[in-house]
>>> print(open('final39.cif').read())   # mmCIF, C-alpha atoms
data_my_file
loop_
_atom_site.label_atom_id
_atom_site.label_comp_id
_atom_site.auth_asym_id
_atom_site.auth_seq_id
_atom_site.Cartn_x
_atom_site.Cartn_y
_atom_site.Cartn_z
CA MET A 13 180.69 213.06 141.34
CA SER A 14 184.37 212.34 141.85
CA THR A 15 186.56 210.38 139.48
CA ASP A 16 189.66 208.38 140.36
CA ILE A 17 192.59 209.98 138.52
CA SER A 18 194.36 206.63 137.96
CA PHE A 19 191.31 205.44 136.08
CA VAL A 20 190.93 208.69 134.23
CA THR A 21 194.47 208.85 132.94
CA ARG A 22 194.12 205.53 131.11
CA SER A 23 191.97 206.99 128.40
CA HIS A 24 191.36 210.73 128.51
CA GLU A 25 189.02 211.04 125.60
CA GLU A 26 186.84 208.13 126.59
CA ASN A 27 186.61 208.85 130.29
CA TRP A 28 186.76 212.64 130.54
CA LEU A 29 183.89 213.40 128.19
CA PRO A 30 181.11 212.48 130.64
CA VAL A 31 182.93 214.35 133.42
CA LEU A 32 183.21 217.45 131.23
CA GLU A 33 179.56 217.21 130.19
CA LEU A 34 178.46 216.85 133.79
CA ALA A 35 180.57 219.86 134.77
CA VAL A 36 178.88 221.94 132.05
CA GLU A 37 175.39 220.72 132.94
CA GLU A 38 175.86 221.57 136.61
CA VAL A 39 177.11 225.08 135.90
CA PHE A 40 174.14 225.88 133.66
CA GLU A 41 171.63 224.30 136.03
CA ILE A 42 172.93 226.06 139.14
CA MET A 43 173.85 229.46 137.72
CA LEU A 44 171.20 229.84 135.02
CA GLY A 45 168.50 227.52 136.30
CA CYS A 46 168.26 225.65 133.02
CA ARG A 47 169.19 222.23 131.74
CA VAL A 48 171.58 221.70 128.87
CA ARG A 49 171.98 218.36 127.18
CA PRO A 50 174.72 216.93 124.95
CA ALA A 51 173.85 216.97 121.26
CA ALA A 52 175.26 215.25 118.20
CA GLN A 53 178.15 217.37 116.91
CA SER A 54 177.37 216.35 113.36
CA GLU A 55 173.92 217.93 113.61
CA HIS A 56 174.83 221.10 115.49
CA THR A 57 177.77 223.27 114.51
CA PRO A 58 178.15 226.11 116.99
CA SER A 59 179.06 229.55 115.78
CA ARG A 60 182.36 230.97 117.08
CA GLU A 61 181.20 234.58 117.34
CA PHE A 62 182.15 234.42 121.02
CA THR A 63 184.92 232.24 122.43
CA ALA A 64 185.77 232.17 126.12
CA MET A 65 188.99 230.46 127.11
CA ILE A 66 190.86 229.63 130.27
CA GLY A 67 194.30 228.12 130.79
CA LEU A 68 195.09 225.15 132.99
CA ALA A 69 198.56 224.55 134.42
CA GLY A 70 200.03 221.83 136.60
CA ALA A 71 198.66 218.30 136.67
CA LEU A 72 196.42 219.26 133.77
CA CYS A 73 198.10 221.58 131.29
CA GLY A 74 196.16 223.06 128.41
CA ILE A 75 193.17 225.19 127.55
CA LEU A 76 189.40 224.97 127.89
CA THR A 77 187.24 226.90 125.43
CA VAL A 78 183.53 227.68 125.25
CA CYS A 79 182.21 228.80 121.84
CA CYS A 80 178.77 230.05 120.85
CA SER A 81 176.93 232.60 118.76
CA ALA A 82 176.52 236.21 119.85
CA LYS A 83 172.81 235.61 120.34
CA THR A 84 173.46 232.61 122.58
CA ALA A 85 176.11 234.51 124.56
CA GLY A 86 173.49 237.21 125.15
CA HIS A 87 171.05 234.58 126.40
CA VAL A 88 173.68 233.24 128.77
CA ALA A 89 174.27 236.73 130.20
CA ARG A 90 170.55 237.34 130.63
CA GLY A 91 170.21 233.92 132.24
CA MET A 92 172.78 234.93 134.83
CA LEU A 93 171.81 238.57 135.38
CA GLY A 94 168.22 238.82 134.27
CA ASP A 95 166.86 241.05 131.56
CA THR A 96 169.08 243.94 132.64
CA ALA A 97 172.10 242.33 130.96
CA GLY A 98 172.66 243.77 127.55
CA SER A 99 176.02 245.42 127.02
CA GLU A 100 178.79 243.55 125.25
CA ALA A 101 180.95 244.00 128.36
CA GLU A 102 178.39 242.10 130.42
CA VAL A 103 178.05 239.39 127.80
CA VAL A 104 181.83 238.95 127.64
CA ASP A 105 182.11 238.92 131.43
CA ALA A 106 179.28 236.39 131.79
CA LEU A 107 180.71 233.99 129.20
CA GLY A 108 184.17 234.26 130.79
CA GLU A 109 182.72 233.36 134.17
CA ILE A 110 180.82 230.40 132.72
CA CYS A 111 184.10 229.16 131.21
CA ASN A 112 185.86 229.70 134.54
CA MET A 113 183.23 227.75 136.47
CA ILE A 114 183.17 224.88 133.95
CA ALA A 115 186.97 224.53 134.19
CA GLY A 116 186.89 224.72 137.99
CA ASN A 117 183.99 222.30 138.28
CA PHE A 118 185.68 219.88 135.87
CA LYS A 119 189.00 219.77 137.71
CA ASN A 120 187.27 219.56 141.08
CA LYS A 121 185.63 216.35 139.89
CA LEU A 122 188.97 214.69 139.15
CA ALA A 123 190.11 213.40 142.52
CA GLY A 124 193.77 214.17 143.05
CA THR A 125 193.94 216.67 140.21
CA ASP A 126 192.24 219.70 141.72
CA GLU A 127 195.04 220.08 144.28
CA ARG A 128 197.70 220.28 141.60
CA CYS A 129 195.99 222.17 138.80
CA MET A 130 195.75 225.95 138.57
CA LEU A 131 193.46 228.07 136.43
CA SER A 132 194.28 231.34 134.72
CA VAL A 133 191.83 234.22 134.62
CA PRO A 134 189.50 233.74 131.63
CA SER A 135 189.73 235.63 128.33
CA VAL A 136 187.02 236.12 125.71
CA ILE A 137 187.35 236.64 121.95
CA SER A 138 184.46 238.28 120.12
CA GLY A 139 184.38 237.79 116.37
CA GLY A 140 184.67 234.41 114.71
CA GLU A 141 187.37 235.11 112.13
CA TYR A 142 190.34 233.60 113.90
CA ASN A 143 192.33 230.41 114.19
CA LEU A 144 193.27 229.10 117.61
CA HIS A 145 196.65 227.39 117.76
CA SER A 146 197.03 225.78 121.14
CA MET A 147 200.42 224.59 122.32
CA ALA A 148 198.56 221.80 124.08
CA ASN A 149 199.10 219.13 121.46
CA GLY A 150 197.81 216.11 123.33
CA ASN A 151 194.34 214.78 123.85
CA SER A 152 191.30 216.81 123.03
CA VAL A 153 187.82 216.32 124.46
CA GLU A 154 184.96 218.22 122.87
CA THR A 155 181.24 218.26 123.44
CA VAL A 156 178.34 220.25 122.02
CA LEU A 157 175.41 220.99 124.29
CA LEU A 158 172.11 222.62 123.48
CA PHE A 159 171.19 225.69 125.50
CA GLU A 160 167.67 226.92 124.71
CA GLY A 161 167.97 225.00 121.45
CA ALA A 162 171.24 226.67 120.45
CA PRO A 163 174.57 224.81 120.38
CA ILE A 164 177.45 225.65 122.71
CA ALA A 165 180.77 223.90 122.11
CA VAL A 166 183.05 223.13 125.05
CA CYS A 167 186.52 221.87 124.22
CA LEU A 168 189.36 220.77 126.47
CA GLN A 169 192.79 220.55 124.82
CA LEU A 170 195.57 219.13 126.93
CA GLU A 171 199.29 218.59 126.57
CA SER A 172 200.17 214.97 126.16
CA MET B 16 168.14 241.78 161.03
CA ASP B 17 170.25 244.92 161.11
CA LYS B 18 171.28 246.42 157.83
CA ILE B 19 174.55 245.00 156.58
CA ARG B 20 177.39 246.72 154.75
CA ALA B 21 179.13 244.24 152.46
CA LEU B 22 182.35 244.28 150.45
CA ILE B 23 182.25 242.02 147.39
CA VAL B 24 185.60 241.28 145.75
CA ASP B 25 185.65 239.59 142.34
CA ASP B 26 187.26 240.48 139.02
CA SER B 27 183.95 239.70 137.29
CA SER B 28 181.32 242.42 137.58
CA VAL B 29 178.70 239.84 136.62
CA MET B 30 179.72 237.65 139.54
CA ARG B 31 179.68 240.63 141.93
CA LYS B 32 176.07 241.28 140.91
CA ILE B 33 175.15 237.61 141.36
CA VAL B 34 176.74 237.53 144.82
CA GLU B 35 174.86 240.70 145.81
CA ARG B 36 171.59 239.20 144.52
CA SER B 37 172.28 235.99 146.46
CA LEU B 38 172.80 237.97 149.67
CA ARG B 39 169.46 239.72 149.17
CA GLN B 40 167.79 236.37 148.38
CA ALA B 41 169.23 235.06 151.65
CA GLY B 42 167.18 237.71 153.42
CA ILE B 43 170.13 239.94 154.24
CA ASP B 44 169.12 243.58 154.36
CA LEU B 45 171.96 245.33 152.57
CA ASP B 46 172.57 248.90 153.58
CA LYS B 47 175.58 249.35 151.34
CA VAL B 48 177.55 247.24 148.89
CA VAL B 49 181.17 248.15 148.15
CA GLU B 50 182.72 246.45 145.12
CA ALA B 51 186.35 245.74 144.27
CA SER B 52 187.83 243.83 141.35
CA ASN B 53 190.94 242.51 143.13
CA GLY B 54 192.56 242.29 146.53
CA ALA B 55 194.51 245.53 146.21
CA GLU B 56 191.36 247.48 145.32
CA ALA B 57 189.60 245.83 148.24
CA LEU B 58 192.31 246.89 150.70
CA ALA B 59 192.08 250.44 149.35
CA ALA B 60 188.29 250.40 149.62
CA LEU B 61 188.52 249.35 153.27
CA GLN B 62 190.54 252.49 154.04
CA THR B 63 187.44 254.58 153.41
CA ASN B 64 184.60 252.13 154.02
CA THR B 65 183.59 250.20 157.11
CA VAL B 66 181.89 246.89 156.33
CA ASP B 67 180.26 244.05 158.29
CA LEU B 68 180.93 241.25 155.82
CA ILE B 69 183.43 240.47 153.05
CA LEU B 70 182.88 238.02 150.19
CA CYS B 71 185.98 237.35 148.14
CA ASP B 72 187.05 235.41 145.04
CA ILE B 73 190.51 233.78 144.94
CA ASN B 74 191.70 233.88 141.31
CA MET B 75 192.04 237.58 140.52
CA PRO B 76 194.71 239.67 138.82
CA VAL B 77 196.95 242.16 140.70
CA MET B 78 196.30 240.64 144.16
CA ASP B 79 194.51 237.33 144.63
CA GLY B 80 191.99 236.55 147.32
CA LEU B 81 194.34 234.54 149.53
CA GLU B 82 196.85 237.40 149.67
CA PHE B 83 194.01 239.83 150.42
CA VAL B 84 192.90 237.70 153.38
CA ARG B 85 196.48 237.58 154.65
CA GLN B 86 196.77 241.37 154.49
CA VAL B 87 193.30 242.48 155.52
CA HIS B 88 194.18 242.49 159.23
CA THR B 89 196.46 245.46 158.54
CA VAL B 90 193.33 247.57 158.06
CA GLU B 91 192.14 248.48 161.54
CA SER B 92 188.45 248.83 160.64
CA ALA B 93 188.41 245.38 158.99
CA LYS B 94 189.70 243.44 161.98
CA GLY B 95 187.19 240.80 162.99
CA VAL B 96 185.04 241.28 159.90
CA PRO B 97 183.98 237.80 158.66
CA ILE B 98 185.34 236.85 155.24
CA VAL B 99 183.73 234.21 153.02
CA MET B 100 185.61 232.98 149.97
CA ILE B 101 183.50 232.35 146.84
CA THR B 102 185.66 230.67 144.23
CA THR B 103 186.04 228.00 141.57
CA GLU B 104 189.08 226.69 143.46
CA GLY B 105 187.64 223.72 145.29
CA SER B 106 190.74 221.87 146.43
CA GLU B 107 191.31 221.05 150.07
CA SER B 108 194.61 222.92 150.02
CA HIS B 109 192.88 226.12 148.91
CA VAL B 110 190.24 225.71 151.62
CA VAL B 111 192.94 225.13 154.25
CA GLN B 112 194.99 228.10 153.00
CA ALA B 113 191.95 230.37 153.09
CA LEU B 114 190.79 229.29 156.53
CA THR B 115 194.34 229.44 157.92
CA ALA B 116 194.73 232.96 156.55
CA GLY B 117 191.59 234.04 158.37
CA ALA B 118 188.58 233.33 156.14
CA ARG B 119 185.52 232.11 158.06
CA GLY B 120 183.66 230.43 155.21
CA TYR B 121 184.24 228.85 151.79
CA ILE B 122 181.74 228.52 148.95
CA ARG B 123 182.57 226.81 145.68
CA LYS B 124 181.35 228.16 142.35
CA PRO B 125 178.88 227.33 140.93
CA PHE B 126 176.80 228.11 143.98
CA THR B 127 173.14 228.46 144.90
CA PRO B 128 171.58 231.28 146.93
CA GLU B 129 170.83 228.63 149.56
CA GLN B 130 174.54 227.92 149.96
CA VAL B 131 175.22 231.61 150.46
CA LYS B 132 172.47 231.74 153.07
CA GLU B 133 173.81 228.64 154.83
CA HIS B 134 177.37 229.97 155.04
CA VAL B 135 176.80 233.67 155.61
CA LEU B 136 173.88 233.95 158.04
CA PRO B 137 175.64 232.16 160.94
CA LEU B 138 178.54 234.59 160.59
CA LEU B 139 176.07 237.44 161.09
CA GLY B 140 174.64 235.76 164.17
CA LYS B 141 171.54 234.49 162.39
CA LYS B 142 170.15 231.03 161.77
CA PRO B 143 170.12 229.97 158.12
#
>>> encode(input="final39.cif", output="structure tokens")
Amino acid sequence: MSTDISFVTRSHEENWLPVLELAVEEVFEIMLGCRVRPAAQSEHTPSREFTAMIGLAGALCGILTVCCSAKTAGHVARGMLGDTAGSEAEVVDALGEICNMIAGNFKNKLAGTDERCMLSVPSVISGGEYNLHSMANGNSVETVLLFEGAPIAVCLQLES
Amino acid sequence: MDKIRALIVDDSSVMRKIVERSLRQAGIDLDKVVEASNGAEALAALQTNTVDLILCDINMPVMDGLEFVRQVHTVESAKGVPIVMITTEGSESHVVQALTAGARGYIRKPFTPEQVKEHVLPLLGKKP
């Protein structure tokens, strides 16, 4: 799927949500062999025990975060590596890579943006007692998807 | 198929394992797998290891994958070794930069084992 950037820039929140959700769904389907589906945010509040984040700079400037519980992060790592995955280092690495691939897949779907948008290396926070203050004070697009019945929140915050 | 010695360059150890697994799923008989977490480590590893195939990420700290590809010809034993980029960077400019620098293949993450097979086997003289 490719989206015309001139169309997209008219209304970020309205038009980018399905692109972001598709980017997430594809990453989980290809790398973990499982389907994730958007869920009502009001019914599913993801834990923030693990937060992976990656910076975007250039045509898109901001941050993309992926939040989930420690148990779900462990399931993601095992989905990628098999049952051998278990250490926190592997869980952190796996979640960081998922975040990296979602961001890359998302920007690659925005025709004309992928050429002019760079990604940082991902970072992962473990432990939910924090507040994230992003300097990207523009539009925000957030979705919650269910992975093996557990919610994962994916949020894109961009500079206006 | 002869046994293959591969160098896998990615700052994620999880991704290095997935790439190795994908090579095995493609039917490639791996004799040895050398791992590096960035381009500089990869260049150092090539000083003491001879490989038949290199798979390399682009976005990495210290030295990125494009710079590694530009410099790899300085290592005598690595001259002519096919390099396949495996990266989230899917833009045409990145593909052109990588191929111009000397990469022989380009796979976008997320990727399937079938894509690895399709891109890598021809470089080893095999049909996918």
>>> closest_residue(input="final39.cif", among="B:Val87, B:Ala116, B:Leu22, B:Met30", to="chain A", atoms="only C-alpha atoms")
B:Met30
>>> interface_residues(input="final39.cif", of="chain B", to="chain A", cutoff="12 Å", atoms="only C-alpha atoms", output="PyMOL selection string")
chain B and resi 25-37+53+72-77+79+101-112+123-130
>>> atom_distance(input="final39.cif", atom1="atom CA of A:Ile164", atom2="atom CA of A:Cys80")
5.0 Å
>>> residues_around(input="final39.cif", residues="A:Pro163", least_positions_apart="2", cutoff="9 Å", atoms="all atoms listed in the file", output="MDAnalysis selection string")
chainID A and resid 51 53 56:59 79:81 84 156:161 165
>>> write_last_selection(input="final39.cif", atoms="C-alpha atoms", output="JSON list (two decimals), keeping the file's coordinate frame")
[["chain", "number", "residue", "atom", "x", "y", "z"],
["A", 51, "ALA", "CA", 173.85, 216.97, 121.26],
["A", 53, "GLN", "CA", 178.15, 217.37, 116.91],
["A", 56, "HIS", "CA", 174.83, 221.10, 115.49],
["A", 57, "THR", "CA", 177.77, 223.27, 114.51],
["A", 58, "PRO", "CA", 178.15, 226.11, 116.99],
["A", 59, "SER", "CA", 179.06, 229.55, 115.78],
["A", 79, "CYS", "CA", 182.21, 228.80, 121.84],
["A", 80, "CYS", "CA", 178.77, 230.05, 120.85],
["A", 81, "SER", "CA", 176.93, 232.60, 118.76],
["A", 84, "THR", "CA", 173.46, 232.61, 122.58],
["A", 156, "VAL", "CA", 178.34, 220.25, 122.02],
["A", 157, "LEU", "CA", 175.41, 220.99, 124.29],
["A", 158, "LEU", "CA", 172.11, 222.62, 123.48],
["A", 159, "PHE", "CA", 171.19, 225.69, 125.50],
["A", 160, "GLU", "CA", 167.67, 226.92, 124.71],
["A", 161, "GLY", "CA", 167.97, 225.00, 121.45],
["A", 165, "ALA", "CA", 180.77, 223.90, 122.11]]
>>> resolve_selection(input="final39.cif", expression="the PyMOL selection byres ((chain B and resi 91) around 12)", output="list in words")
Leu58, Leu61, Gln62, Thr63, Asn64, Thr65, Val66, Gln86, Val87, His88, Thr89, Val90, Ser92, Ala93, Lys94, Gly95 and Val96 of chain B
>>> resolve_selection(input="final39.cif", expression="the PyMOL selection byres ((chain A and resi 142-154) around 8)", output="list in words")
His24, Glu25, Trp28, Leu29, Cys73, Gly74, Ile75, Gly139, Gly140, Glu141, Thr155, Val156, Ala165, Val166, Cys167, Leu168, Gln169, Leu170, Glu171 and Ser172 of chain A
>>> residues_near_point(input="final39.cif", point="(181.4, 243.2, 155.5)", cutoff="9 Å", atoms="all atoms listed in the file", output="number ranges by chain")
B: 19-23, 48-49, 65-70, 93, 96-98
>>> residues_near_point(input="final39.cif", point="(190.3, 239.6, 150.9)", cutoff="6 Å", atoms="all atoms listed in the file", output="VMD selection string")
chain B and resid 54 71 80 83 to 84
>>> closest_residue(input="final39.cif", among="A:Leu122, A:Ile137, A:Val48, A:Ala71", to="A:Ala162", atoms="only C-alpha atoms")
A:Val48
>>> atom_distance(input="final39.cif", atom1="atom CA of A:Arg47", atom2="atom CA of A:Thr77")
19.7 Å
>>> atom_distance(input="final39.cif", atom1="atom CA of B:Glu133", atom2="atom CA of B:Glu82")
25.2 Å
>>> resolve_selection(input="final39.cif", expression="the PyMOL selection byres ((chain B and resi 17) around 12)", output="ChimeraX atom specification")
/B:16,18-20,42-47,67,136,139-141
>>> axis_aligned_box(input="final39.cif", around="stretch 89-108 of chain B", padding_each_side="4 Å", output="AutoDock Vina command-line options")
--center_x 190.0 --center_y 234.9 --center_z 152.3 --size_x 21.0 --size_y 35.8 --size_z 29.4
